[in-house]
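Colleague: One file: work-v9.cif (mmCIF, N, CA and C atoms and all ligand atoms).
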data_target
loop_
_atom_site.label_atom_id
_atom_site.label_comp_id
_atom_site.auth_asym_id
_atom_site.auth_seq_id
_atom_site.Cartn_x
_atom_site.Cartn_y
_atom_site.Cartn_z
N MET A 17 -8.23 -76.57 -17.49
CA MET A 17 -6.96 -77.15 -17.02
C MET A 17 -5.81 -76.23 -17.41
N THR A 18 -4.97 -75.91 -16.50
CA THR A 18 -3.88 -74.96 -16.77
C THR A 18 -2.53 -75.63 -16.59
N GLY A 19 -1.54 -75.02 -17.23
CA GLY A 19 -0.18 -75.54 -17.11
C GLY A 19 0.36 -75.37 -15.70
N ALA A 20 -0.12 -74.35 -15.00
CA ALA A 20 0.37 -74.08 -13.64
C ALA A 20 0.08 -75.28 -12.73
N ASN A 21 -1.11 -75.89 -12.90
CA ASN A 21 -1.45 -77.04 -12.07
C ASN A 21 -0.51 -78.21 -12.34
N ASP A 22 -0.20 -78.41 -13.62
CA ASP A 22 0.71 -79.50 -13.97
C ASP A 22 2.07 -79.29 -13.31
N ASP A 23 2.56 -78.04 -13.39
CA ASP A 23 3.85 -77.74 -12.78
C ASP A 23 3.82 -78.04 -11.28
N HIS A 24 2.71 -77.66 -10.65
CA HIS A 24 2.60 -77.87 -9.20
C HIS A 24 2.67 -79.37 -8.86
N ALA A 25 1.92 -80.17 -9.65
CA ALA A 25 1.88 -81.61 -9.41
C ALA A 25 3.28 -82.21 -9.55
N ALA A 26 4.00 -81.80 -10.59
CA ALA A 26 5.33 -82.34 -10.83
C ALA A 26 6.26 -81.98 -9.68
N ALA A 27 6.19 -80.73 -9.23
CA ALA A 27 7.05 -80.28 -8.13
C ALA A 27 6.69 -81.06 -6.86
N GLY A 28 5.38 -81.31 -6.67
CA GLY A 28 4.94 -82.04 -5.49
C GLY A 28 5.52 -83.44 -5.46
N GLU A 29 5.53 -84.10 -6.61
CA GLU A 29 6.08 -85.46 -6.67
C GLU A 29 7.56 -85.47 -6.29
N THR A 30 8.29 -84.48 -6.80
CA THR A 30 9.70 -84.38 -6.47
C THR A 30 9.87 -84.18 -4.97
N ASP A 31 9.02 -83.32 -4.38
CA ASP A 31 9.09 -83.08 -2.95
C ASP A 31 8.82 -84.36 -2.16
N CYS A 32 7.80 -85.12 -2.61
CA CYS A 32 7.46 -86.37 -1.93
C CYS A 32 8.66 -87.30 -1.94
N HIS A 33 9.28 -87.41 -3.10
CA HIS A 33 10.42 -88.30 -3.23
C HIS A 33 11.53 -87.89 -2.27
N ALA A 34 11.81 -86.59 -2.24
CA ALA A 34 12.88 -86.08 -1.37
C ALA A 34 12.50 -86.24 0.09
N ALA A 35 11.23 -85.96 0.41
CA ALA A 35 10.79 -86.04 1.81
C ALA A 35 10.86 -87.48 2.31
N LEU A 36 10.37 -88.44 1.50
CA LEU A 36 10.35 -89.83 1.93
C LEU A 36 11.76 -90.41 1.99
N LYS A 37 12.64 -89.88 1.12
CA LYS A 37 14.02 -90.37 1.11
C LYS A 37 14.69 -90.08 2.46
N ASP A 38 14.38 -88.92 3.03
CA ASP A 38 15.00 -88.51 4.29
C ASP A 38 14.12 -88.78 5.50
N LEU A 39 12.97 -89.43 5.28
CA LEU A 39 12.00 -89.61 6.37
C LEU A 39 12.60 -90.42 7.53
N GLN A 40 13.36 -91.47 7.21
CA GLN A 40 13.94 -92.30 8.26
C GLN A 40 14.87 -91.47 9.14
N PHE A 41 15.70 -90.66 8.50
CA PHE A 41 16.64 -89.82 9.26
C PHE A 41 15.87 -88.80 10.09
N PHE A 42 14.79 -88.28 9.47
CA PHE A 42 13.96 -87.30 10.15
C PHE A 42 13.37 -87.90 11.43
N LEU A 43 12.80 -89.12 11.31
CA LEU A 43 12.15 -89.76 12.46
C LEU A 43 13.17 -90.15 13.53
N ASP A 44 14.39 -90.45 13.08
CA ASP A 44 15.43 -90.80 14.04
C ASP A 44 16.12 -89.57 14.60
N GLY A 45 15.73 -88.40 14.11
CA GLY A 45 16.35 -87.16 14.57
C GLY A 45 17.78 -87.03 14.10
N GLU A 46 18.09 -87.68 12.96
CA GLU A 46 19.47 -87.67 12.48
C GLU A 46 19.67 -86.80 11.25
N CYS A 47 18.65 -86.04 10.87
CA CYS A 47 18.81 -85.16 9.72
C CYS A 47 19.11 -83.74 10.21
N GLY A 48 19.65 -82.93 9.33
CA GLY A 48 19.99 -81.55 9.70
C GLY A 48 18.74 -80.71 9.89
N ALA A 49 18.93 -79.54 10.48
CA ALA A 49 17.81 -78.65 10.78
C ALA A 49 17.12 -78.21 9.49
N ALA A 50 17.89 -78.00 8.42
CA ALA A 50 17.31 -77.54 7.16
C ALA A 50 16.42 -78.61 6.57
N VAL A 51 16.89 -79.86 6.56
CA VAL A 51 16.11 -80.98 6.04
C VAL A 51 14.86 -81.17 6.90
N GLN A 52 15.04 -81.05 8.20
CA GLN A 52 13.93 -81.21 9.14
C GLN A 52 12.83 -80.21 8.80
N ARG A 53 13.22 -78.96 8.56
CA ARG A 53 12.25 -77.92 8.26
C ARG A 53 11.52 -78.24 6.96
N LEU A 54 12.29 -78.70 5.95
CA LEU A 54 11.68 -79.02 4.66
C LEU A 54 10.66 -80.15 4.80
N ILE A 55 11.02 -81.17 5.56
CA ILE A 55 10.12 -82.33 5.71
C ILE A 55 8.89 -81.93 6.50
N ILE A 56 9.06 -81.18 7.58
CA ILE A 56 7.89 -80.73 8.36
C ILE A 56 6.97 -79.93 7.47
N GLN A 57 7.54 -79.04 6.67
CA GLN A 57 6.75 -78.22 5.75
C GLN A 57 6.02 -79.11 4.76
N HIS A 58 6.74 -80.10 4.22
CA HIS A 58 6.13 -80.98 3.22
C HIS A 58 5.00 -81.81 3.83
N LEU A 59 5.23 -82.36 5.02
CA LEU A 59 4.20 -83.18 5.66
C LEU A 59 2.95 -82.35 5.93
N HIS A 60 3.18 -81.07 6.21
CA HIS A 60 2.05 -80.17 6.47
C HIS A 60 1.23 -79.97 5.20
N ASP A 61 1.92 -79.93 4.05
CA ASP A 61 1.25 -79.65 2.78
C ASP A 61 0.76 -80.91 2.07
N CYS A 62 1.21 -82.08 2.52
CA CYS A 62 0.99 -83.30 1.74
C CYS A 62 0.45 -84.41 2.64
N PRO A 63 -0.89 -84.54 2.73
CA PRO A 63 -1.51 -85.56 3.60
C PRO A 63 -0.99 -86.98 3.37
N PRO A 64 -0.81 -87.45 2.12
CA PRO A 64 -0.30 -88.82 1.94
C PRO A 64 1.04 -89.05 2.64
N CYS A 65 1.94 -88.08 2.51
CA CYS A 65 3.24 -88.21 3.16
C CYS A 65 3.11 -88.10 4.67
N GLU A 66 2.16 -87.28 5.12
CA GLU A 66 1.94 -87.14 6.55
C GLU A 66 1.48 -88.46 7.14
N HIS A 67 0.55 -89.14 6.42
CA HIS A 67 0.07 -90.45 6.89
C HIS A 67 1.21 -91.45 6.91
N ARG A 68 2.04 -91.37 5.89
CA ARG A 68 3.19 -92.27 5.82
C ARG A 68 4.12 -92.05 7.02
N ALA A 69 4.35 -90.78 7.33
CA ALA A 69 5.22 -90.43 8.47
C ALA A 69 4.60 -90.90 9.78
N ASP A 70 3.26 -90.72 9.91
CA ASP A 70 2.57 -91.18 11.12
C ASP A 70 2.74 -92.68 11.28
N PHE A 71 2.56 -93.40 10.16
CA PHE A 71 2.68 -94.85 10.19
C PHE A 71 4.09 -95.27 10.63
N GLU A 72 5.08 -94.63 10.04
CA GLU A 72 6.47 -94.97 10.38
C GLU A 72 6.76 -94.67 11.85
N ARG A 73 6.18 -93.56 12.33
CA ARG A 73 6.40 -93.18 13.72
C ARG A 73 5.76 -94.22 14.65
N GLU A 74 4.51 -94.64 14.32
CA GLU A 74 3.83 -95.65 15.14
C GLU A 74 4.59 -96.97 15.10
N LEU A 75 5.13 -97.27 13.92
CA LEU A 75 5.90 -98.50 13.77
C LEU A 75 7.10 -98.50 14.72
N ARG A 76 7.74 -97.36 14.84
CA ARG A 76 8.89 -97.24 15.75
C ARG A 76 8.48 -97.46 17.20
N VAL A 77 7.33 -96.86 17.58
CA VAL A 77 6.83 -97.03 18.94
C VAL A 77 6.52 -98.50 19.19
N PHE A 78 5.87 -99.13 18.20
CA PHE A 78 5.51 -100.54 18.30
C PHE A 78 6.75 -101.40 18.48
N ILE A 79 7.77 -101.16 17.66
CA ILE A 79 9.00 -101.94 17.74
C ILE A 79 9.68 -101.71 19.09
N ALA A 80 9.67 -100.47 19.55
CA ALA A 80 10.28 -100.16 20.85
C ALA A 80 9.57 -100.92 21.97
N MET A 81 8.24 -101.00 21.89
CA MET A 81 7.47 -101.73 22.89
C MET A 81 7.79 -103.22 22.82
N LYS A 82 7.86 -103.74 21.61
CA LYS A 82 8.16 -105.16 21.41
C LYS A 82 9.53 -105.48 22.00
N CYS A 83 10.49 -104.61 21.76
CA CYS A 83 11.85 -104.83 22.25
C CYS A 83 11.84 -104.90 23.77
N LYS A 84 11.01 -104.05 24.38
CA LYS A 84 10.92 -104.04 25.84
C LYS A 84 10.33 -105.37 26.32
N ASP A 85 9.31 -105.87 25.57
CA ASP A 85 8.65 -107.11 25.96
C ASP A 85 9.64 -108.28 25.98
N VAL A 86 10.49 -108.34 24.96
CA VAL A 86 11.35 -109.50 24.83
C VAL A 86 12.70 -109.32 25.53
N ALA A 87 12.91 -108.15 26.17
CA ALA A 87 14.17 -107.95 26.88
C ALA A 87 14.26 -108.96 28.02
N PRO A 88 15.36 -109.68 28.11
CA PRO A 88 15.50 -110.67 29.18
C PRO A 88 15.48 -110.00 30.55
N SER A 89 14.87 -110.67 31.53
CA SER A 89 14.71 -110.06 32.85
C SER A 89 16.07 -109.74 33.46
N GLY A 90 17.08 -110.54 33.14
CA GLY A 90 18.42 -110.28 33.67
C GLY A 90 18.92 -108.92 33.23
N LEU A 91 18.59 -108.54 32.00
CA LEU A 91 19.01 -107.24 31.49
C LEU A 91 18.34 -106.12 32.27
N LEU A 92 17.05 -106.29 32.53
CA LEU A 92 16.32 -105.26 33.28
C LEU A 92 16.91 -105.11 34.68
N ASP A 93 17.29 -106.24 35.30
CA ASP A 93 17.89 -106.17 36.63
C ASP A 93 19.21 -105.41 36.58
N ARG A 94 20.00 -105.69 35.54
CA ARG A 94 21.30 -105.00 35.41
C ARG A 94 21.09 -103.50 35.26
N ILE A 95 20.08 -103.12 34.46
CA ILE A 95 19.80 -101.70 34.27
C ILE A 95 19.37 -101.07 35.59
N ARG A 96 18.53 -101.80 36.35
CA ARG A 96 18.07 -101.29 37.63
C ARG A 96 19.26 -101.06 38.58
N VAL A 97 20.20 -102.01 38.58
CA VAL A 97 21.40 -101.88 39.43
C VAL A 97 22.22 -100.68 38.99
N MET A 98 22.37 -100.52 37.66
CA MET A 98 23.13 -99.39 37.14
C MET A 98 22.50 -98.07 37.57
N LEU A 99 21.18 -98.00 37.50
CA LEU A 99 20.48 -96.77 37.88
C LEU A 99 20.68 -96.48 39.36
N GLN A 100 20.69 -97.54 40.19
CA GLN A 100 20.89 -97.33 41.63
C GLN A 100 22.30 -96.84 41.91
N GLN A 101 23.26 -97.34 41.11
CA GLN A 101 24.64 -96.91 41.31
C GLN A 101 24.81 -95.44 40.96
N ILE A 102 24.06 -94.99 39.94
CA ILE A 102 24.15 -93.60 39.53
C ILE A 102 23.63 -92.68 40.63
N GLU A 103 22.55 -93.12 41.32
CA GLU A 103 21.96 -92.29 42.38
C GLU A 103 22.76 -92.30 43.64
ZN ZN B 1 4.34 -85.75 -0.26
#
Would you kindly transcribe this structure into structure tokens?
Modeller:
Amino acid sequence: MTGANDDHAAAGETDCHAALKDLQFFLDGECGAAVQRLIIQHLHDCPPCEHRADFERELRVFIAMKCKDVAPSGLLDRIRVMLQQIE
């Protein structure tokens, strides 16, 4: 067992904390390019965080689908009319 491994583990935990802290912004596309690069790099190196990100991403898709399901038909008609007006 070496000290180098301990250092790596500690740094990894800090990275996880930072990556997960900004994960919501990352998934919403609201973080800066530098943060985006850091998180992509971290997810590549860290399977647990990658799974977490995948889960959050699927959750967003699921919620988006649910929102579509419960959208009142009147709203859909209004959107359809708006789209026709644009064309
Ligand atoms: Zn991580």
Colleague: Can you tell me which residues come within 7 Å of ligand ZN 1 (chain B) when counting all atoms listed in the file, ideally as JSON, numbers by chain?
Modeller: {"A": [28, 29, 31, 32, 33, 35, 36, 58, 59, 61, 62, 63, 64, 65, 66]}
Colleague: Would you compute the distance between atom N of Val97 in chain A and CA of Cys83 in chain A? Give it in Å to one decimal.
Modeller: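 Those two atoms sit 18.6 Å apart.
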Colleague: Work out how far apart CA of Asp70 in chain A and CA of Leu43 in chain A are and give it in Å to one decimal.
Modeller: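 Between these atoms lies a distance of 9.8 Å.
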Colleague: So how many Å separate atom N of Arg68 in chain A and CA of Val51 in chain A, to one decimal?
Modeller: 17.5 Å
